[in-house]
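Shown here: target_13.cif, mmCIF, C-alpha atoms.
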data_input
#
loop_
_atom_site.label_atom_id
_atom_site.label_comp_id
_atom_site.auth_asym_id
_atom_site.auth_seq_id
_atom_site.Cartn_x
_atom_site.Cartn_y
_atom_site.Cartn_z
CA MET Z 24 -107.87 99.05 35.99
CA GLY Z 25 -106.74 102.40 34.63
CA THR Z 26 -108.81 105.57 34.31
CA ASN Z 27 -108.75 108.73 32.25
CA THR Z 28 -106.64 110.65 34.73
CA PRO Z 29 -102.95 111.45 34.35
CA ALA Z 30 -100.35 109.10 35.79
CA MET Z 31 -99.72 110.08 39.37
CA ASN Z 32 -97.69 109.10 42.41
CA LEU Z 33 -95.22 107.13 40.32
CA ALA Z 34 -92.09 106.02 42.15
CA PHE Z 35 -90.23 105.65 38.82
CA ASP Z 36 -89.58 107.35 35.49
CA LEU Z 37 -92.39 106.29 33.15
CA GLN Z 38 -90.59 107.10 29.92
CA GLN Z 39 -87.57 105.12 31.00
CA ALA Z 40 -89.85 102.21 31.89
CA LEU Z 41 -91.61 102.30 28.52
CA GLN Z 42 -88.31 102.42 26.63
CA HIS Z 43 -86.97 99.50 28.65
CA LEU Z 44 -90.04 97.35 27.98
CA CYS Z 45 -90.42 98.25 24.30
CA GLU Z 46 -86.78 97.33 23.65
CA ARG Z 47 -87.27 93.90 25.22
CA ASP Z 48 -90.80 92.89 24.27
CA GLU Z 49 -92.45 93.39 20.88
CA CYS Z 50 -95.91 92.65 22.30
CA ILE Z 51 -95.55 95.39 24.89
CA LYS Z 52 -94.22 97.71 22.17
CA SER Z 53 -97.36 97.09 20.08
CA LEU Z 54 -99.67 97.61 23.05
CA VAL Z 55 -97.92 100.88 23.93
CA ALA Z 56 -98.41 102.08 20.35
CA GLU Z 57 -101.98 100.86 19.89
CA THR Z 58 -103.69 101.36 23.27
CA ARG Z 59 -104.15 104.35 25.56
CA ALA Z 60 -101.25 105.79 27.50
CA PHE Z 61 -100.25 104.38 30.87
CA GLN Z 62 -102.36 105.95 33.60
CA ILE Z 63 -103.13 105.06 37.18
CA ASP Z 64 -105.76 106.46 39.46
CA GLY Z 65 -105.70 106.80 43.20
CA ASP Z 66 -106.89 109.08 45.95
CA GLU Z 67 -103.75 110.88 47.06
CA GLY Z 68 -105.39 111.74 50.35
CA GLN Z 69 -106.11 108.16 51.39
CA SER Z 70 -103.96 106.54 54.05
CA PRO Z 71 -103.07 102.84 53.77
CA TYR Z 72 -105.63 102.21 56.53
CA GLU Z 73 -108.37 103.91 54.51
CA VAL Z 74 -107.37 102.19 51.27
CA LEU Z 75 -107.57 98.79 52.92
CA MET Z 76 -110.84 99.60 54.66
CA GLU Z 77 -112.37 100.44 51.29
CA ALA Z 78 -110.89 97.27 49.77
CA ILE Z 79 -112.55 95.17 52.47
CA ALA Z 80 -115.90 96.83 51.79
CA TYR Z 81 -115.62 96.07 48.07
CA GLN Z 82 -114.71 92.40 48.38
CA SER Z 83 -116.97 89.85 46.66
CA ILE Z 84 -119.89 92.19 45.88
CA SER Z 85 -120.83 94.49 43.01
CA GLY Z 86 -119.18 97.89 42.80
CA LYS Z 87 -122.50 99.71 43.12
CA ALA Z 88 -123.51 97.84 46.28
CA ALA Z 89 -120.04 98.26 47.76
CA ALA Z 90 -120.05 102.02 47.08
CA THR Z 91 -123.36 102.32 48.91
CA ILE Z 92 -122.12 100.34 51.89
CA PHE Z 93 -118.79 102.14 52.07
CA GLY Z 94 -120.67 105.44 51.92
CA ARG Z 95 -122.56 104.40 55.05
CA ILE Z 96 -119.30 103.40 56.75
CA ARG Z 97 -117.73 106.72 55.79
CA ALA Z 98 -120.72 108.52 57.32
CA LEU Z 99 -119.78 106.97 60.68
CA GLY Z 100 -116.56 108.98 60.63
CA GLU Z 101 -116.00 112.73 60.63
CA ASN Z 102 -115.32 115.42 58.02
CA GLY Z 103 -116.23 113.09 55.16
CA ARG Z 104 -113.56 110.56 56.07
CA PRO Z 105 -114.04 106.98 57.28
CA PRO Z 106 -113.88 106.27 61.02
CA THR Z 107 -110.39 106.47 62.49
CA PRO Z 108 -108.94 103.22 63.89
CA GLU Z 109 -109.83 104.38 67.41
CA LYS Z 110 -113.40 105.19 66.37
CA MET Z 111 -113.80 101.95 64.39
CA LEU Z 112 -112.97 99.85 67.44
CA LYS Z 113 -115.66 101.66 69.43
CA ILE Z 114 -118.43 101.24 66.84
CA PRO Z 115 -120.71 98.35 67.84
CA SER Z 116 -120.52 95.44 65.42
CA ARG Z 117 -124.30 95.47 65.04
CA LYS Z 118 -124.10 99.05 63.73
CA LEU Z 119 -121.57 98.00 61.09
CA ARG Z 120 -123.75 95.03 60.15
CA LYS Z 121 -126.70 97.40 59.79
CA ALA Z 122 -124.60 99.49 57.38
CA GLY Z 123 -124.38 96.41 55.17
CA LEU Z 124 -121.13 94.71 56.14
CA SER Z 125 -121.06 90.94 56.52
CA GLY Z 126 -119.91 89.45 59.81
CA ALA Z 127 -116.58 88.53 58.25
CA LYS Z 128 -116.04 92.08 56.98
CA VAL Z 129 -116.85 93.54 60.38
CA LEU Z 130 -114.16 91.33 61.91
CA ALA Z 131 -111.75 92.32 59.13
CA MET Z 132 -112.30 96.05 59.65
CA LYS Z 133 -111.90 95.69 63.41
CA ASP Z 134 -108.65 93.80 62.89
CA LEU Z 135 -107.47 96.43 60.41
CA ALA Z 136 -108.15 99.17 62.95
CA ARG Z 137 -106.36 97.22 65.67
CA LYS Z 138 -103.27 96.64 63.52
CA ALA Z 139 -103.25 100.28 62.42
CA MET Z 140 -103.13 101.33 66.07
CA GLN Z 141 -100.35 98.81 66.68
CA GLY Z 142 -98.33 100.29 63.82
CA ILE Z 143 -98.43 97.12 61.73
CA VAL Z 144 -100.44 98.99 59.11
CA PRO Z 145 -98.16 101.94 58.38
CA THR Z 146 -98.99 105.56 57.70
CA HIS Z 147 -98.49 106.72 54.11
CA ASP Z 148 -95.12 108.31 54.93
CA GLU Z 149 -93.98 105.12 56.63
CA ALA Z 150 -95.16 103.02 53.68
CA LEU Z 151 -92.97 105.04 51.33
CA LEU Z 152 -89.91 103.84 53.23
CA LEU Z 153 -90.86 100.15 53.23
CA SER Z 154 -90.02 97.62 50.51
CA ASP Z 155 -92.73 95.85 48.54
CA ASP Z 156 -91.99 92.60 50.37
CA GLU Z 157 -92.19 94.23 53.78
CA LEU Z 158 -95.51 95.88 52.94
CA VAL Z 159 -96.94 92.59 51.69
CA LYS Z 160 -95.76 90.80 54.82
CA ARG Z 161 -97.30 93.41 57.11
CA LEU Z 162 -100.58 93.98 55.32
CA VAL Z 163 -101.53 90.37 54.60
CA SER Z 164 -101.44 89.83 58.37
CA VAL Z 165 -104.70 91.80 58.47
CA ARG Z 166 -107.76 89.58 58.50
CA GLY Z 167 -109.40 89.50 55.06
CA ILE Z 168 -106.47 91.14 53.24
CA GLY Z 169 -104.67 88.99 50.67
CA ALA Z 170 -101.68 89.50 48.42
CA TRP Z 171 -103.79 90.76 45.50
CA THR Z 172 -105.23 93.61 47.58
CA VAL Z 173 -101.75 94.62 48.70
CA GLU Z 174 -100.47 94.46 45.12
CA MET Z 175 -103.23 96.83 44.00
CA PHE Z 176 -102.25 99.15 46.85
CA LEU Z 177 -98.61 99.05 45.75
CA ILE Z 178 -99.55 99.84 42.16
CA PHE Z 179 -102.37 102.34 42.44
CA ARG Z 180 -101.58 104.14 45.70
CA LEU Z 181 -97.80 104.00 45.92
CA GLY Z 182 -96.98 103.79 42.20
CA ARG Z 183 -94.35 101.09 42.73
CA PRO Z 184 -92.60 100.02 39.50
CA ASP Z 185 -92.10 96.26 39.78
CA VAL Z 186 -95.35 94.62 40.89
CA LEU Z 187 -96.66 91.59 38.97
CA PRO Z 188 -100.08 90.34 40.16
CA ILE Z 189 -99.68 86.72 39.06
CA HIS Z 190 -103.12 85.71 40.35
CA ASP Z 191 -105.03 88.58 38.71
CA LEU Z 192 -107.51 87.28 36.14
CA GLY Z 193 -107.22 90.32 33.89
CA VAL Z 194 -103.42 90.14 33.80
CA LYS Z 195 -103.46 86.40 33.10
CA LYS Z 196 -106.08 86.58 30.36
CA GLY Z 197 -104.50 89.71 28.91
CA TRP Z 198 -101.21 87.82 28.68
CA SER Z 199 -102.99 84.99 26.84
CA VAL Z 200 -104.46 87.46 24.35
CA ALA Z 201 -101.24 89.43 23.87
CA TYR Z 202 -99.08 86.37 23.30
CA GLY Z 203 -101.59 84.28 21.34
CA LYS Z 204 -102.14 81.58 23.96
CA LYS Z 205 -105.33 79.54 24.23
CA HIS Z 206 -105.10 79.03 27.96
CA MET Z 207 -104.30 81.18 30.97
CA PRO Z 208 -100.80 80.84 32.39
CA LYS Z 209 -100.30 79.27 35.77
CA PRO Z 210 -99.10 81.84 38.33
CA GLN Z 211 -95.56 80.47 38.39
CA GLU Z 212 -95.48 80.39 34.59
CA LEU Z 213 -96.44 84.07 34.48
CA LEU Z 214 -93.89 84.87 37.18
CA LYS Z 215 -91.14 83.21 35.16
CA PHE Z 216 -92.23 84.90 31.93
CA GLY Z 217 -92.37 88.27 33.68
CA GLU Z 218 -88.65 88.20 34.47
CA ARG Z 219 -88.09 89.83 31.09
CA TRP Z 220 -90.12 92.83 32.30
CA ARG Z 221 -88.07 93.58 35.41
CA PRO Z 222 -87.74 96.13 36.93
CA TYR Z 223 -90.98 97.52 35.45
CA ARG Z 224 -93.45 94.67 35.84
CA THR Z 225 -96.12 97.14 37.03
CA VAL Z 226 -96.18 98.83 33.63
CA ALA Z 227 -96.18 95.48 31.81
CA SER Z 228 -99.09 94.32 33.97
CA TRP Z 229 -100.99 97.49 33.16
CA TYR Z 230 -100.65 96.73 29.45
CA MET Z 231 -101.82 93.16 30.03
CA TRP Z 232 -104.99 94.73 31.46
CA ARG Z 233 -105.25 96.82 28.30
CA ALA Z 234 -104.89 93.71 26.13
CA PHE Z 235 -107.69 92.08 28.14
CA GLU Z 236 -109.83 95.20 27.87
CA ARG Z 237 -109.31 95.57 24.13
CA ALA Z 238 -110.09 91.92 23.39
CA GLY Z 239 -113.50 92.15 25.07
CA TYR Z 240 -115.43 89.57 27.05
CA LYS Z 241 -116.55 87.64 23.97
CA VAL Z 242 -112.92 86.64 23.45
CA THR Z 243 -111.64 86.55 27.02
CA ASN Z 244 -114.52 84.45 28.37
CA LYS Z 245 -113.25 81.61 26.19
CA ILE Z 246 -109.83 81.65 27.81
CA ARG Z 247 -109.69 79.02 30.54
CA ALA Z 248 -107.12 77.58 32.86
CA ARG Z 249 -105.16 74.75 31.32
CA LYS Z 250 -106.69 71.40 32.22
CA PRO Z 251 -104.43 69.10 34.23
CA ARG Z 252 -103.09 66.18 32.26
CA ARG Z 253 -104.91 62.95 32.93
CA ARG Z 254 -102.98 59.86 33.73
CA ASN Z 255 -103.54 57.07 31.26
CA ALA Z 256 -105.50 54.01 32.25
CA ALA Z 257 -102.40 51.87 32.70
CA LYS Z 258 -100.95 54.25 35.27
CA ARG Z 259 -104.21 54.40 37.21
CA LYS Z 260 -104.20 50.62 37.74
#
Before we go any further, please render this structure as structure tokens.
Amino acid sequence: MGTNTPAMNLAFDLQQALQHLCERDECIKSLVAETRAFQIDGDEGQSPYEVLMEAIAYQSISGKAAATIFGRIRALGENGRPPTPEKMLKIPSRKLRKAGLSGAKVLAMKDLARKAMQGIVPTHDEALLLSDDELVKRLVSVRGIGAWTVEMFLIFRLGRPDVLPIHDLGVKKGWSVAYGKKHMPKPQELLKFGERWRPYRTVASWYMWRAFERAGYKVTNKIRARKPRRRNAAKRK
């Protein structure tokens, strides 16, 4: 999830966050010492509308294919930027389909544009003034946008300190690796465990990604969700 660019757009003191986590969690302390430094990457010029438009384009397909499609969508705008909400609503759906978007993604982008014009999707300056919960509530109302997408926006665009993506596969498997577990945690189990990381769950999550990354797919592919307990034969009768 991270890249080789300096930490940017952080809405918190990174050194204070690292000290807080290292004092409370030996696993995090080891990861901080043994893996690369905390870094996030984001396009500082992107508005929430543009970030979400790109997220929609990238859903459920390979990064290479998505980049190609989003490049075609961007070309429908002006000055190298994606179409404005007003322009997006005027682009015929068939033209967006021809660019490579599925029917569902066309509907999602149209809804995104509509809600941006209505003010439900805030500008960047407006987003800075909204709480995490308020942003989640607003943005998940957009067709095709779920909590995970909003969480990534909060982390990588706004640099919010206390975001824990409990449904993220990398975070869950990274947690299993870091804490020596054979199975992935259930979302609520991870949420409960993550209370020790408050108010810097973003940084802790980032190091769970590093644990996942360092372990490699040969190890992490073996980590599965815990199987539900089967009722015994007597109870089934």
Practice prompt. Kindly resolve the PyMOL selection byres ((chain Z and resi 88-94) around 10) on the present coordinates and return the residues as a PyMOL selection string.
Written response: chain Z and resi 76-87+95-99+103-105+119-124
| request: In the coordinate frame of the file, compute which residues have an atom within 8 Å of (-93.9, 96.1, 29.2) when using only C-alpha atoms, and state them as a list in words. | output: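 Counting only C-alpha atoms, I find these residues within 8 Å of (-93.9, 96.1, 29.2): Ala40, Leu41, His43, Leu44, Cys45, Asp48, Cys50, Ile51, Lys52, Trp220, Tyr223, Arg224, Val226, Ala227, Ser228 and Tyr230 of chain Z.
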Check your understanding: Using only C-alpha atoms, which of the listed residues (Z:Lys204, Z:Lys215, Z:Lys196, Z:Arg183) sits closest to Z:Tyr240?
Key ->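 Among Z:Lys204, Z:Lys215, Z:Lys196, Z:Arg183, it is Z:Lys196 that comes nearest to Z:Tyr240.
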Review point. Could you work out how far atom CA of Z:Phe35 lies from atom CA of Z:Leu187, giving the answer in Å with one decimal?
Key: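 Taking atom CA of Z:Leu187 as the start and atom CA of Z:Phe35 as the end point, the length is 15.5 Å.
Take the candidates Z:Val144, Z:Gln211, Z:Leu162, Z:Ile246 and check each one against Z:Leu192 using all atoms listed in the file; the shortest distance goes to Z:Ile246.
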Please report the interatomic distance between atom CA of Z:Ala136 and atom CA of Z:Asp148 in Å with one decimal.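 So the two atoms, atom CA of Z:Ala136 and atom CA of Z:Asp148, lie 17.8 Å apart.
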In Å and to one decimal, atom CA of Z:Ser53 is distant from atom CA of Z:Gly182 by 23.1 Å
(request) Pick out the closest residue to Z:Ile114 from this set: Z:Lys160, Z:Lys133, Z:His147, Z:Lys128. Count only C-alpha atoms. (result)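 Ranking Z:Lys160, Z:Lys133, Z:His147, Z:Lys128 by distance to Z:Ile114, first place goes to Z:Lys133.
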Under the rule that all atoms listed in the file are counted, which of Z:Ala131, Z:Asp185, Z:Gly100, Z:Val159 is the nearest residue to Z:Pro222?
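Using all atoms listed in the file, the shortest distance to Z:Pro222 belongs to Z:Asp185.
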With distances taken over all atoms listed in the file, the candidate from Z:Leu158, Z:Val200, Z:Ser164, Z:Ala60 nearest Z:Thr243 is Z:Val200
Residue list as an MDAnalysis selection string for point (-106.0, 111.1, 51.5), cut-off 12 Å, all atoms listed in the file: chainID Z and resid 65:74 103:105 146:148 180
Measuring between all atoms listed in the file, which one of Z:Arg233, Z:Asn244, Z:Glu218, Z:Pro145 shows the shortest distance to Z:Phe61?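 Going through Z:Arg233, Z:Asn244, Z:Glu218, Z:Pro145 one by one, the smallest distance to Z:Phe61 is for Z:Arg233.
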Test item: residues at most 9 Å from Z:Leu33, only C-alpha atoms, excluding those fewer than 3 positions along its chain, as a PDB file with C-alpha atoms, keeping the file's coordinate frame:
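Generated file (around_25.pdb):
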ATOM      1  CA  ALA Z  30    -100.350 109.100  35.790  1.00  0.00           C
ATOM      2  CA  ASP Z  36     -89.580 107.350  35.490  1.00  0.00           C
ATOM      3  CA  LEU Z  37     -92.390 106.290  33.150  1.00  0.00           C
ATOM      4  CA  ILE Z  63    -103.130 105.060  37.180  1.00  0.00           C
ATOM      5  CA  ILE Z 178     -99.550  99.840  42.160  1.00  0.00           C
ATOM      6  CA  PHE Z 179    -102.370 102.340  42.440  1.00  0.00           C
ATOM      7  CA  ARG Z 180    -101.580 104.140  45.700  1.00  0.00           C
ATOM      8  CA  LEU Z 181     -97.800 104.000  45.920  1.00  0.00           C
ATOM      9  CA  GLY Z 182     -96.980 103.790  42.200  1.00  0.00           C
ATOM     10  CA  ARG Z 183     -94.350 101.090  42.730  1.00  0.00           C
ATOM     11  CA  PRO Z 184     -92.600 100.020  39.500  1.00  0.00           C
TER      12      PRO Z 184
END
Mind telling me what the PyMOL selection byres ((chain Z and resi 191) around 10) catches here, as a PyMOL selection string? chain Z and resi 171+174-175+187-190+192-197+210+228+232
